[in-house]
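Asker: Structure provided below as structure tokens; questions to follow.
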Amino acid sequence: MQYNARVLLLLLSLILMAESRRLGSRRKRWSEPGETLKPGKTLGETPDAVVLVGKAGLEAGMVNGPLSRKITDGTKSRKLKTSHLLRVDEHDFTMRPAFAGPAVPVGVDVQVESLDSISEVDMDFTMTLYLRHYWKDERLAFPSATNKSMTFDGRLVKKIWVPDVFFVHSKRSFIHDTTTDNIMLRVFPDGHVLYSLRVTVTAACNMDFSRFPLDSQTCTLELESCEFTALCLTVLLITNAYTDEDLMLYWKSGDESLSTDDRISLSQFLIQKFHTTSRLAFYSSTGWYNRLYINFTLRRHIFFFLLQTYFPATLMVMLSWVSFWIDRRAVPARVSLGITTVLTMSTIITGVNASMPRVSYIKAVDIYLWVSFVFVFLSVLEYAAVNYLTTVRDGKDRKLREKLKEQSQTLPCTCGIPHTKTMMLDGMYSEADANSLAGYTRASMAAEDPSDKQEQMVVHLTLDNESTETKKKGIRSFRIIQNTHTIDTYSRMIFPGAYILFNLIY
């Protein structure tokens, strides 16, 4: 038994020694260093190697072999870390560059990507733009043999000093964050910095609607230096802002600092021009601040309002004139037409005012709509006057007929009376016919035939020369009022002529 155990132990030892030799040879074969490219050796002499040319390739620690090629990560080198290259940890970036020295000049340029909307009701506009800042911070200078800049994302912005620019009169604003924060920071070896961010801002715009919709509006986006604190956001207590003695904002390239996309367009406005200005703003509690202005002028398109407001209003006024050609006895037709046009004009006025702010002055569109409403309303009053005068005249005619019938039965015969005039009257005479009797004295009336059913009468009148002239003057002065047909006839000319004259002046 002891002999067998010794044999098995010997065999196991031999097997372990053979296995260890085999593994050692395999490890040696895989770890054998390949031939690297030495200075002066061409690429053709090392066909199996991935080559890094120059000193950077040698320092990267590339290992080449017949079966594997490994490239070490250069960012793992301590001396290539950003914090060590820019020496961020060695400086206090809560203070501005050249603290206690001259003001830091910060150049600004803007590229307007889109002008999203203009709201007349809220009196504001929404704009998306690229805002870029340029300044020099010697604390960020780094050595570079190639003099090339380095680009970083928004994570480095939180560690260094950046200008505290904000939008004056801004209602809402945000930095785009899809898919990451749209912030870019580019640092040059001499310490110059480019800081760019994509912002959408909604700012107030004081608009003047006195000539609406024939108006042009000028809106302004204002930029100013201010700390991002709660005190600054109130605008009333700007206590931590950099004044012009600490930070000097200016347009980097003058008017060329503002660029726009040629495809920018609005549905109701035509963008006439963009331009930049700058001036100092004074706050009594803190001092003077540099303020930059982005000004753009908009001219409103009139065609939309022609279709939606002016043409319907004009058609309603013209429709109200149709009643002048309808017979005055057709009361339902003329009344319903007048009421319909009045209600339609009221609806148009309400719709226009609903889309406008409640301003305390009169707009140009209000003048046009209200004058049109007055024309429609006057056409209704015109028929009311015609209908009233017609009713009064019919009542007078009826009373006159009754009076003539009574007199025909009581007056004696006037045969032989000189200077008489005979007239034939029937029951359908008008007031104009009765007025023609003025200037005559009713001396006698006799029925030609009492049994005549047509109620024809022979009236014998004696001329009264003294009263003829005075009575005829009164008749001429009331002739137009008494004749309702004349009122409609004159209205057919006066109403269109006055409305055309108003449109020409407007």
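Convention: chains lettered A, B, ... in structure tokens order; per-chain residue numbering from 1; ligands numbered from 1 as shown.
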Taking the backbone alone, and naming residues the way the document does, which bits of region 152-312 of chain A are alpha helix (DSSP H) by DSSP, as JSON, numbers by chain?
Answerer: {"A": [154, 155, 156, 157, 230, 231, 232, 233, 303, 304, 305, 311, 312]}
Asker: Could those selected residues go to a file with all heavy atoms, as an mmCIF file, in the first residue's frame?
Answerer:
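Done, and the output landed in result34.cif:
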```
data_model
loop_
_atom_site.group_PDB
_atom_site.id
_atom_site.type_symbol
_atom_site.label_atom_id
_atom_site.label_comp_id
_atom_site.auth_asym_id
_atom_site.auth_seq_id
_atom_site.Cartn_x
_atom_site.Cartn_y
_atom_site.Cartn_z
ATOM 1 N N GLY A 154 -20.508 71.966 -20.533
ATOM 2 C CA GLY A 154 -20.985 72.802 -19.447
ATOM 3 C C GLY A 154 -20.481 72.432 -18.073
ATOM 4 O O GLY A 154 -20.662 73.216 -17.132
ATOM 5 N N ARG A 155 -19.861 71.258 -17.914
ATOM 6 C CA ARG A 155 -19.392 70.885 -16.579
ATOM 7 C C ARG A 155 -18.243 71.768 -16.107
ATOM 8 O O ARG A 155 -18.126 72.042 -14.907
ATOM 9 C CB ARG A 155 -18.961 69.419 -16.586
ATOM 10 C CG ARG A 155 -20.134 68.458 -16.688
ATOM 11 C CD ARG A 155 -19.680 67.035 -16.851
ATOM 12 N NE ARG A 155 -19.075 66.825 -18.168
ATOM 13 C CZ ARG A 155 -18.653 65.624 -18.601
ATOM 14 N NH1 ARG A 155 -18.742 64.567 -17.813
ATOM 15 N NH2 ARG A 155 -18.132 65.505 -19.804
ATOM 16 N N LEU A 156 -17.409 72.236 -17.021
ATOM 17 C CA LEU A 156 -16.312 73.105 -16.621
ATOM 18 C C LEU A 156 -16.800 74.516 -16.315
ATOM 19 O O LEU A 156 -16.170 75.241 -15.542
ATOM 20 C CB LEU A 156 -15.248 73.144 -17.718
ATOM 21 C CG LEU A 156 -13.980 73.940 -17.404
ATOM 22 C CD1 LEU A 156 -13.264 73.361 -16.186
ATOM 23 C CD2 LEU A 156 -13.058 73.985 -18.616
ATOM 24 N N VAL A 157 -17.938 74.909 -16.892
ATOM 25 C CA VAL A 157 -18.456 76.254 -16.658
ATOM 26 C C VAL A 157 -18.760 76.469 -15.182
ATOM 27 O O VAL A 157 -18.616 77.583 -14.657
ATOM 28 C CB VAL A 157 -19.715 76.482 -17.528
ATOM 29 C CG1 VAL A 157 -20.368 77.820 -17.212
ATOM 30 C CG2 VAL A 157 -19.353 76.407 -19.007
ATOM 31 N N ALA A 230 -31.133 85.820 -6.236
ATOM 32 C CA ALA A 230 -32.543 86.178 -6.083
ATOM 33 C C ALA A 230 -32.730 87.682 -6.060
ATOM 34 O O ALA A 230 -33.727 88.211 -6.529
ATOM 35 C CB ALA A 230 -33.104 85.561 -4.802
ATOM 36 N N LEU A 231 -31.733 88.401 -5.533
ATOM 37 C CA LEU A 231 -31.830 89.860 -5.498
ATOM 38 C C LEU A 231 -31.829 90.433 -6.892
ATOM 39 O O LEU A 231 -32.524 91.403 -7.193
ATOM 40 C CB LEU A 231 -30.682 90.440 -4.672
ATOM 41 C CG LEU A 231 -30.712 90.130 -3.168
ATOM 42 C CD1 LEU A 231 -29.475 90.695 -2.515
ATOM 43 C CD2 LEU A 231 -31.961 90.682 -2.519
ATOM 44 N N CYS A 232 -31.047 89.822 -7.766
ATOM 45 C CA CYS A 232 -30.960 90.348 -9.133
ATOM 46 C C CYS A 232 -32.238 90.090 -9.904
ATOM 47 O O CYS A 232 -32.639 90.892 -10.731
ATOM 48 C CB CYS A 232 -29.784 89.720 -9.850
ATOM 49 S SG CYS A 232 -29.580 90.281 -11.539
ATOM 50 N N LEU A 233 -32.869 88.964 -9.635
ATOM 51 C CA LEU A 233 -34.052 88.623 -10.401
ATOM 52 C C LEU A 233 -35.204 89.565 -10.117
ATOM 53 O O LEU A 233 -36.110 89.702 -10.923
ATOM 54 C CB LEU A 233 -34.468 87.180 -10.092
ATOM 55 C CG LEU A 233 -33.472 86.114 -10.531
ATOM 56 C CD1 LEU A 233 -33.979 84.743 -10.133
ATOM 57 C CD2 LEU A 233 -33.227 86.171 -12.022
ATOM 58 N N PHE A 303 -52.910 92.137 -45.485
ATOM 59 C CA PHE A 303 -53.837 91.335 -46.285
ATOM 60 C C PHE A 303 -54.717 90.456 -45.404
ATOM 61 O O PHE A 303 -55.896 90.248 -45.703
ATOM 62 C CB PHE A 303 -53.060 90.478 -47.286
ATOM 63 C CG PHE A 303 -53.934 89.789 -48.288
ATOM 64 C CD1 PHE A 303 -54.533 90.502 -49.306
ATOM 65 C CD2 PHE A 303 -54.169 88.426 -48.198
ATOM 66 C CE1 PHE A 303 -55.359 89.871 -50.220
ATOM 67 C CE2 PHE A 303 -54.973 87.785 -49.112
ATOM 68 C CZ PHE A 303 -55.572 88.511 -50.130
ATOM 69 N N PHE A 304 -54.174 89.928 -44.316
ATOM 70 C CA PHE A 304 -54.970 89.085 -43.415
ATOM 71 C C PHE A 304 -56.147 89.872 -42.849
ATOM 72 O O PHE A 304 -57.281 89.372 -42.790
ATOM 73 C CB PHE A 304 -54.082 88.567 -42.280
ATOM 74 C CG PHE A 304 -54.843 87.885 -41.180
ATOM 75 C CD1 PHE A 304 -55.261 86.576 -41.315
ATOM 76 C CD2 PHE A 304 -55.156 88.567 -40.011
ATOM 77 C CE1 PHE A 304 -55.967 85.953 -40.303
ATOM 78 C CE2 PHE A 304 -55.861 87.955 -38.999
ATOM 79 C CZ PHE A 304 -56.268 86.635 -39.144
ATOM 80 N N PHE A 305 -55.928 91.103 -42.455
ATOM 81 C CA PHE A 305 -56.991 91.908 -41.871
ATOM 82 C C PHE A 305 -57.958 92.424 -42.929
ATOM 83 O O PHE A 305 -59.113 92.700 -42.615
ATOM 84 C CB PHE A 305 -56.384 93.060 -41.079
ATOM 85 C CG PHE A 305 -55.575 92.604 -39.902
ATOM 86 C CD1 PHE A 305 -54.201 92.425 -40.016
ATOM 87 C CD2 PHE A 305 -56.181 92.324 -38.703
ATOM 88 C CE1 PHE A 305 -53.459 92.002 -38.944
ATOM 89 C CE2 PHE A 305 -55.439 91.887 -37.620
ATOM 90 C CZ PHE A 305 -54.074 91.722 -37.737
ATOM 91 N N PHE A 311 -63.057 93.711 -45.403
ATOM 92 C CA PHE A 311 -64.011 93.285 -46.425
ATOM 93 C C PHE A 311 -65.366 92.911 -45.822
ATOM 94 O O PHE A 311 -66.415 93.335 -46.339
ATOM 95 C CB PHE A 311 -63.435 92.122 -47.222
ATOM 96 C CG PHE A 311 -62.374 92.550 -48.209
ATOM 97 C CD1 PHE A 311 -61.536 91.609 -48.800
ATOM 98 C CD2 PHE A 311 -62.207 93.877 -48.551
ATOM 99 C CE1 PHE A 311 -60.553 92.000 -49.698
ATOM 100 C CE2 PHE A 311 -61.233 94.275 -49.445
ATOM 101 C CZ PHE A 311 -60.408 93.328 -50.026
ATOM 102 N N PRO A 312 -65.439 92.105 -44.750
ATOM 103 C CA PRO A 312 -66.762 91.821 -44.161
ATOM 104 C C PRO A 312 -67.484 93.070 -43.673
ATOM 105 O O PRO A 312 -68.704 93.196 -43.855
ATOM 106 C CB PRO A 312 -66.420 90.882 -42.994
ATOM 107 C CG PRO A 312 -65.141 90.231 -43.383
ATOM 108 C CD PRO A 312 -64.384 91.282 -44.117
#
```
Asker: Arg172 (chain A): which residues within 10 Å, counting only C-alpha atoms, same-chain residues fewer than 6 positions away excluded, as a list in words?
Answerer: Thr126, Thr200, Val201, Thr202, Ala203 and Ala204 of chain A
Asker: As a ChimeraX atom specification, please: the residues near region 83-99 of chain A (cut-off 10 Å, only C-alpha atoms, same-chain neighbours under 4 positions excluded).
Answerer: /A:78-79,103-104,135-143,156,158-163,187,189,191,242,246-247
Asker: Measuring atom to atom with only C-alpha atoms, identify which of A:Phe324, A:Pro332, A:Lys148, A:Asp255 is nearest to Pro496 (chain A).
Answerer: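 Among the listed residues, A:Phe324 lies closest to Pro496 (chain A).
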Asker: From the list A:Phe377, A:Phe166, A:Tyr383, A:Tyr490, which residue is nearest Arg328 (chain A) when using only C-alpha atoms?
Answerer: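 Going through A:Phe377, A:Phe166, A:Tyr383, A:Tyr490 one by one, the smallest distance to Arg328 (chain A) is for A:Tyr383.
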Asker: Here is a test: counting only C-alpha atoms, which residue of A:Asn290, A:Ser360, A:Ser284, A:Thr341 is nearest to Thr314 (chain A)?
Answerer: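 Selected residue with least distance to Thr314 (chain A): A:Thr341.
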Asker: Would you please extract all strand (DSSP E or B) residues from region 168-357 of chain A, as assigned by DSSP on the backbone, and give them as an MDAnalysis selection string?
Answerer: chainID A and resid 168 170:175 183:187 192:204 216:225 247:251 258:260 269:283 287:300
Asker: Restricting the calculation to only C-alpha atoms: of A:Ile505, A:Ile349, A:Leu131, A:Ile118, which residue gets closest to Asn206 (chain A)?
Answerer: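 Going through A:Ile505, A:Ile349, A:Leu131, A:Ile118 one by one, the smallest distance to Asn206 (chain A) is for A:Ile118.
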Asker: Compare A:Ala330, A:Val374, A:Val359, A:Leu369 by their minimum atom-to-atom distance to Tyr310 (chain A), counting only C-alpha atoms, and give me the closest one.
Answerer: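 Smallest distance to Tyr310 (chain A) is found for A:Leu369.
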Asker: Just the residues within 8 Å of Lys252 (chain A), please, counting only C-alpha atoms, with nothing from its chain fewer than 2 positions along; format it as number ranges by chain.
Answerer: A: 107-109, 134, 250, 254, 257
Asker: Residues as selected, all heavy atoms, written as an mmCIF file, in the first residue's frame, can you do that?
Answerer:
```
data_model
loop_
_atom_site.group_PDB
_atom_site.id
_atom_site.type_symbol
_atom_site.label_atom_id
_atom_site.label_comp_id
_atom_site.auth_asym_id
_atom_site.auth_seq_id
_atom_site.Cartn_x
_atom_site.Cartn_y
_atom_site.Cartn_z
ATOM 1 N N GLY A 107 -16.593 90.883 -24.811
ATOM 2 C CA GLY A 107 -17.256 91.057 -26.101
ATOM 3 C C GLY A 107 -18.420 90.099 -26.246
ATOM 4 O O GLY A 107 -18.391 88.974 -25.745
ATOM 5 N N VAL A 108 -19.459 90.553 -26.922
ATOM 6 C CA VAL A 108 -20.675 89.764 -27.092
ATOM 7 C C VAL A 108 -21.062 89.783 -28.559
ATOM 8 O O VAL A 108 -20.987 90.824 -29.226
ATOM 9 C CB VAL A 108 -21.833 90.323 -26.235
ATOM 10 C CG1 VAL A 108 -23.123 89.541 -26.482
ATOM 11 C CG2 VAL A 108 -21.471 90.289 -24.753
ATOM 12 N N ASP A 109 -21.441 88.635 -29.061
ATOM 13 C CA ASP A 109 -22.113 88.586 -30.355
ATOM 14 C C ASP A 109 -23.250 87.583 -30.277
ATOM 15 O O ASP A 109 -23.251 86.674 -29.436
ATOM 16 C CB ASP A 109 -21.157 88.276 -31.510
ATOM 17 C CG ASP A 109 -20.576 86.877 -31.455
ATOM 18 O OD1 ASP A 109 -21.250 85.952 -30.980
ATOM 19 O OD2 ASP A 109 -19.420 86.692 -31.882
ATOM 20 N N TYR A 134 -16.863 86.682 -25.143
ATOM 21 C CA TYR A 134 -15.427 86.612 -25.388
ATOM 22 C C TYR A 134 -14.719 87.440 -24.306
ATOM 23 O O TYR A 134 -15.049 88.615 -24.124
ATOM 24 C CB TYR A 134 -15.059 87.164 -26.772
ATOM 25 C CG TYR A 134 -15.752 86.471 -27.932
ATOM 26 C CD1 TYR A 134 -17.029 86.867 -28.338
ATOM 27 C CD2 TYR A 134 -15.124 85.451 -28.630
ATOM 28 C CE1 TYR A 134 -17.663 86.250 -29.398
ATOM 29 C CE2 TYR A 134 -15.752 84.831 -29.703
ATOM 30 C CZ TYR A 134 -17.019 85.225 -30.075
ATOM 31 O OH TYR A 134 -17.641 84.613 -31.132
ATOM 32 N N TYR A 250 -19.564 94.969 -24.435
ATOM 33 C CA TYR A 250 -19.554 95.691 -25.702
ATOM 34 C C TYR A 250 -19.817 94.694 -26.825
ATOM 35 O O TYR A 250 -19.595 93.486 -26.683
ATOM 36 C CB TYR A 250 -18.212 96.391 -25.920
ATOM 37 C CG TYR A 250 -17.037 95.444 -26.140
ATOM 38 C CD1 TYR A 250 -16.600 95.126 -27.435
ATOM 39 C CD2 TYR A 250 -16.369 94.864 -25.068
ATOM 40 C CE1 TYR A 250 -15.535 94.260 -27.633
ATOM 41 C CE2 TYR A 250 -15.305 94.002 -25.254
ATOM 42 C CZ TYR A 250 -14.895 93.702 -26.549
ATOM 43 O OH TYR A 250 -13.842 92.831 -26.748
ATOM 44 N N GLY A 254 -19.298 95.383 -33.559
ATOM 45 C CA GLY A 254 -20.227 96.442 -33.948
ATOM 46 C C GLY A 254 -21.541 95.872 -34.456
ATOM 47 O O GLY A 254 -22.105 94.935 -33.883
ATOM 48 N N SER A 257 -21.922 92.180 -35.171
ATOM 49 C CA SER A 257 -22.011 91.227 -34.066
ATOM 50 C C SER A 257 -23.353 90.514 -34.030
ATOM 51 O O SER A 257 -23.503 89.506 -33.333
ATOM 52 C CB SER A 257 -21.799 91.954 -32.730
ATOM 53 O OG SER A 257 -20.531 92.572 -32.692
#
```
Asker: Using only C-alpha atoms, what table do you get, as a Markdown table, when you list each residue of region 123-238 of chain A with an atom no more than 10 Å from region 262-279 of chain A, its nearest pair of atoms, and their distance in Å rounded to one decimal, rows by chain then rising number?
Answerer:
```
| residue | atom | partner | partner_atom | distance |
| --- | --- | --- | --- | --- |
| A:Ser216 | CA | A:Phe269 | CA | 8.8 |
| A:Gln217 | CA | A:Phe269 | CA | 9.3 |
| A:Thr218 | CA | A:Lys273 | CA | 9.7 |
| A:Cys219 | CA | A:Phe274 | CA | 9.9 |
| A:Thr220 | CA | A:Thr276 | CA | 9.4 |
| A:Leu221 | CA | A:Thr276 | CA | 9.7 |
| A:Glu222 | CA | A:Ser278 | CA | 9.1 |
| A:Leu223 | CA | A:Ser278 | CA | 9.4 |
```
Asker: Output all heavy atoms for every residue in that selection, as an mmCIF file, in the first residue's frame.
Answerer:
```
data_model
loop_
_atom_site.group_PDB
_atom_site.id
_atom_site.type_symbol
_atom_site.label_atom_id
_atom_site.label_comp_id
_atom_site.auth_asym_id
_atom_site.auth_seq_id
_atom_site.Cartn_x
_atom_site.Cartn_y
_atom_site.Cartn_z
ATOM 1 N N SER A 216 -46.263 99.492 -37.463
ATOM 2 C CA SER A 216 -44.922 98.886 -37.433
ATOM 3 C C SER A 216 -44.453 98.913 -35.982
ATOM 4 O O SER A 216 -44.602 99.928 -35.301
ATOM 5 C CB SER A 216 -43.942 99.645 -38.331
ATOM 6 O OG SER A 216 -44.331 99.566 -39.686
ATOM 7 N N GLN A 217 -43.895 97.804 -35.529
ATOM 8 C CA GLN A 217 -43.471 97.674 -34.143
ATOM 9 C C GLN A 217 -41.960 97.488 -34.071
ATOM 10 O O GLN A 217 -41.367 96.812 -34.921
ATOM 11 C CB GLN A 217 -44.167 96.477 -33.471
ATOM 12 C CG GLN A 217 -45.679 96.529 -33.501
ATOM 13 C CD GLN A 217 -46.238 97.666 -32.693
ATOM 14 O OE1 GLN A 217 -45.578 98.229 -31.824
ATOM 15 N NE2 GLN A 217 -47.495 98.021 -32.961
ATOM 16 N N THR A 218 -41.351 98.094 -33.071
ATOM 17 C CA THR A 218 -39.922 97.941 -32.800
ATOM 18 C C THR A 218 -39.764 97.326 -31.416
ATOM 19 O O THR A 218 -40.161 97.928 -30.414
ATOM 20 C CB THR A 218 -39.192 99.286 -32.865
ATOM 21 O OG1 THR A 218 -39.343 99.843 -34.178
ATOM 22 C CG2 THR A 218 -37.705 99.108 -32.563
ATOM 23 N N CYS A 219 -39.206 96.121 -31.372
ATOM 24 C CA CYS A 219 -38.996 95.411 -30.117
ATOM 25 C C CYS A 219 -37.501 95.340 -29.817
ATOM 26 O O CYS A 219 -36.670 95.386 -30.733
ATOM 27 C CB CYS A 219 -39.584 94.010 -30.178
ATOM 28 S SG CYS A 219 -41.382 93.975 -30.385
ATOM 29 N N THR A 220 -37.179 95.215 -28.546
ATOM 30 C CA THR A 220 -35.789 95.266 -28.098
ATOM 31 C C THR A 220 -35.541 94.162 -27.086
ATOM 32 O O THR A 220 -36.340 93.963 -26.162
ATOM 33 C CB THR A 220 -35.473 96.629 -27.459
ATOM 34 O OG1 THR A 220 -35.735 97.664 -28.410
ATOM 35 C CG2 THR A 220 -34.009 96.693 -27.050
ATOM 36 N N LEU A 221 -34.429 93.459 -27.282
ATOM 37 C CA LEU A 221 -33.940 92.495 -26.298
ATOM 38 C C LEU A 221 -32.700 93.102 -25.657
ATOM 39 O O LEU A 221 -31.722 93.417 -26.343
ATOM 40 C CB LEU A 221 -33.612 91.155 -26.959
ATOM 41 C CG LEU A 221 -33.144 90.044 -26.028
ATOM 42 C CD1 LEU A 221 -34.234 89.683 -25.037
ATOM 43 C CD2 LEU A 221 -32.720 88.816 -26.823
ATOM 44 N N GLU A 222 -32.720 93.269 -24.337
ATOM 45 C CA GLU A 222 -31.673 93.987 -23.619
ATOM 46 C C GLU A 222 -30.833 93.016 -22.789
ATOM 47 O O GLU A 222 -31.369 92.122 -22.135
ATOM 48 C CB GLU A 222 -32.293 95.054 -22.710
ATOM 49 C CG GLU A 222 -33.204 96.016 -23.455
ATOM 50 C CD GLU A 222 -33.886 96.991 -22.533
ATOM 51 O OE1 GLU A 222 -33.484 97.064 -21.358
ATOM 52 O OE2 GLU A 222 -34.828 97.668 -22.977
ATOM 53 N N LEU A 223 -29.507 93.182 -22.836
ATOM 54 C CA LEU A 223 -28.570 92.368 -22.077
ATOM 55 C C LEU A 223 -27.795 93.264 -21.123
ATOM 56 O O LEU A 223 -27.360 94.358 -21.505
ATOM 57 C CB LEU A 223 -27.594 91.629 -22.992
ATOM 58 C CG LEU A 223 -28.144 90.546 -23.923
ATOM 59 C CD1 LEU A 223 -28.696 91.151 -25.194
ATOM 60 C CD2 LEU A 223 -27.061 89.536 -24.260
#
```
Asker: Figure out the distance between CA of Phe167 (chain A) and CA of Glu224 (chain A), please, to one decimal in Å.
Answerer: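 These atoms are spaced 6.5 Å apart.
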Asker: Hey, what's within 12 Å of Thr344 (chain A) if we count only C-alpha atoms and toss same-chain stuff fewer than 2 positions away? As a PyMOL selection string, please?
Answerer: chain A and resi 309+312-317+319-320+337-342+346-351+369+372-373+376-377
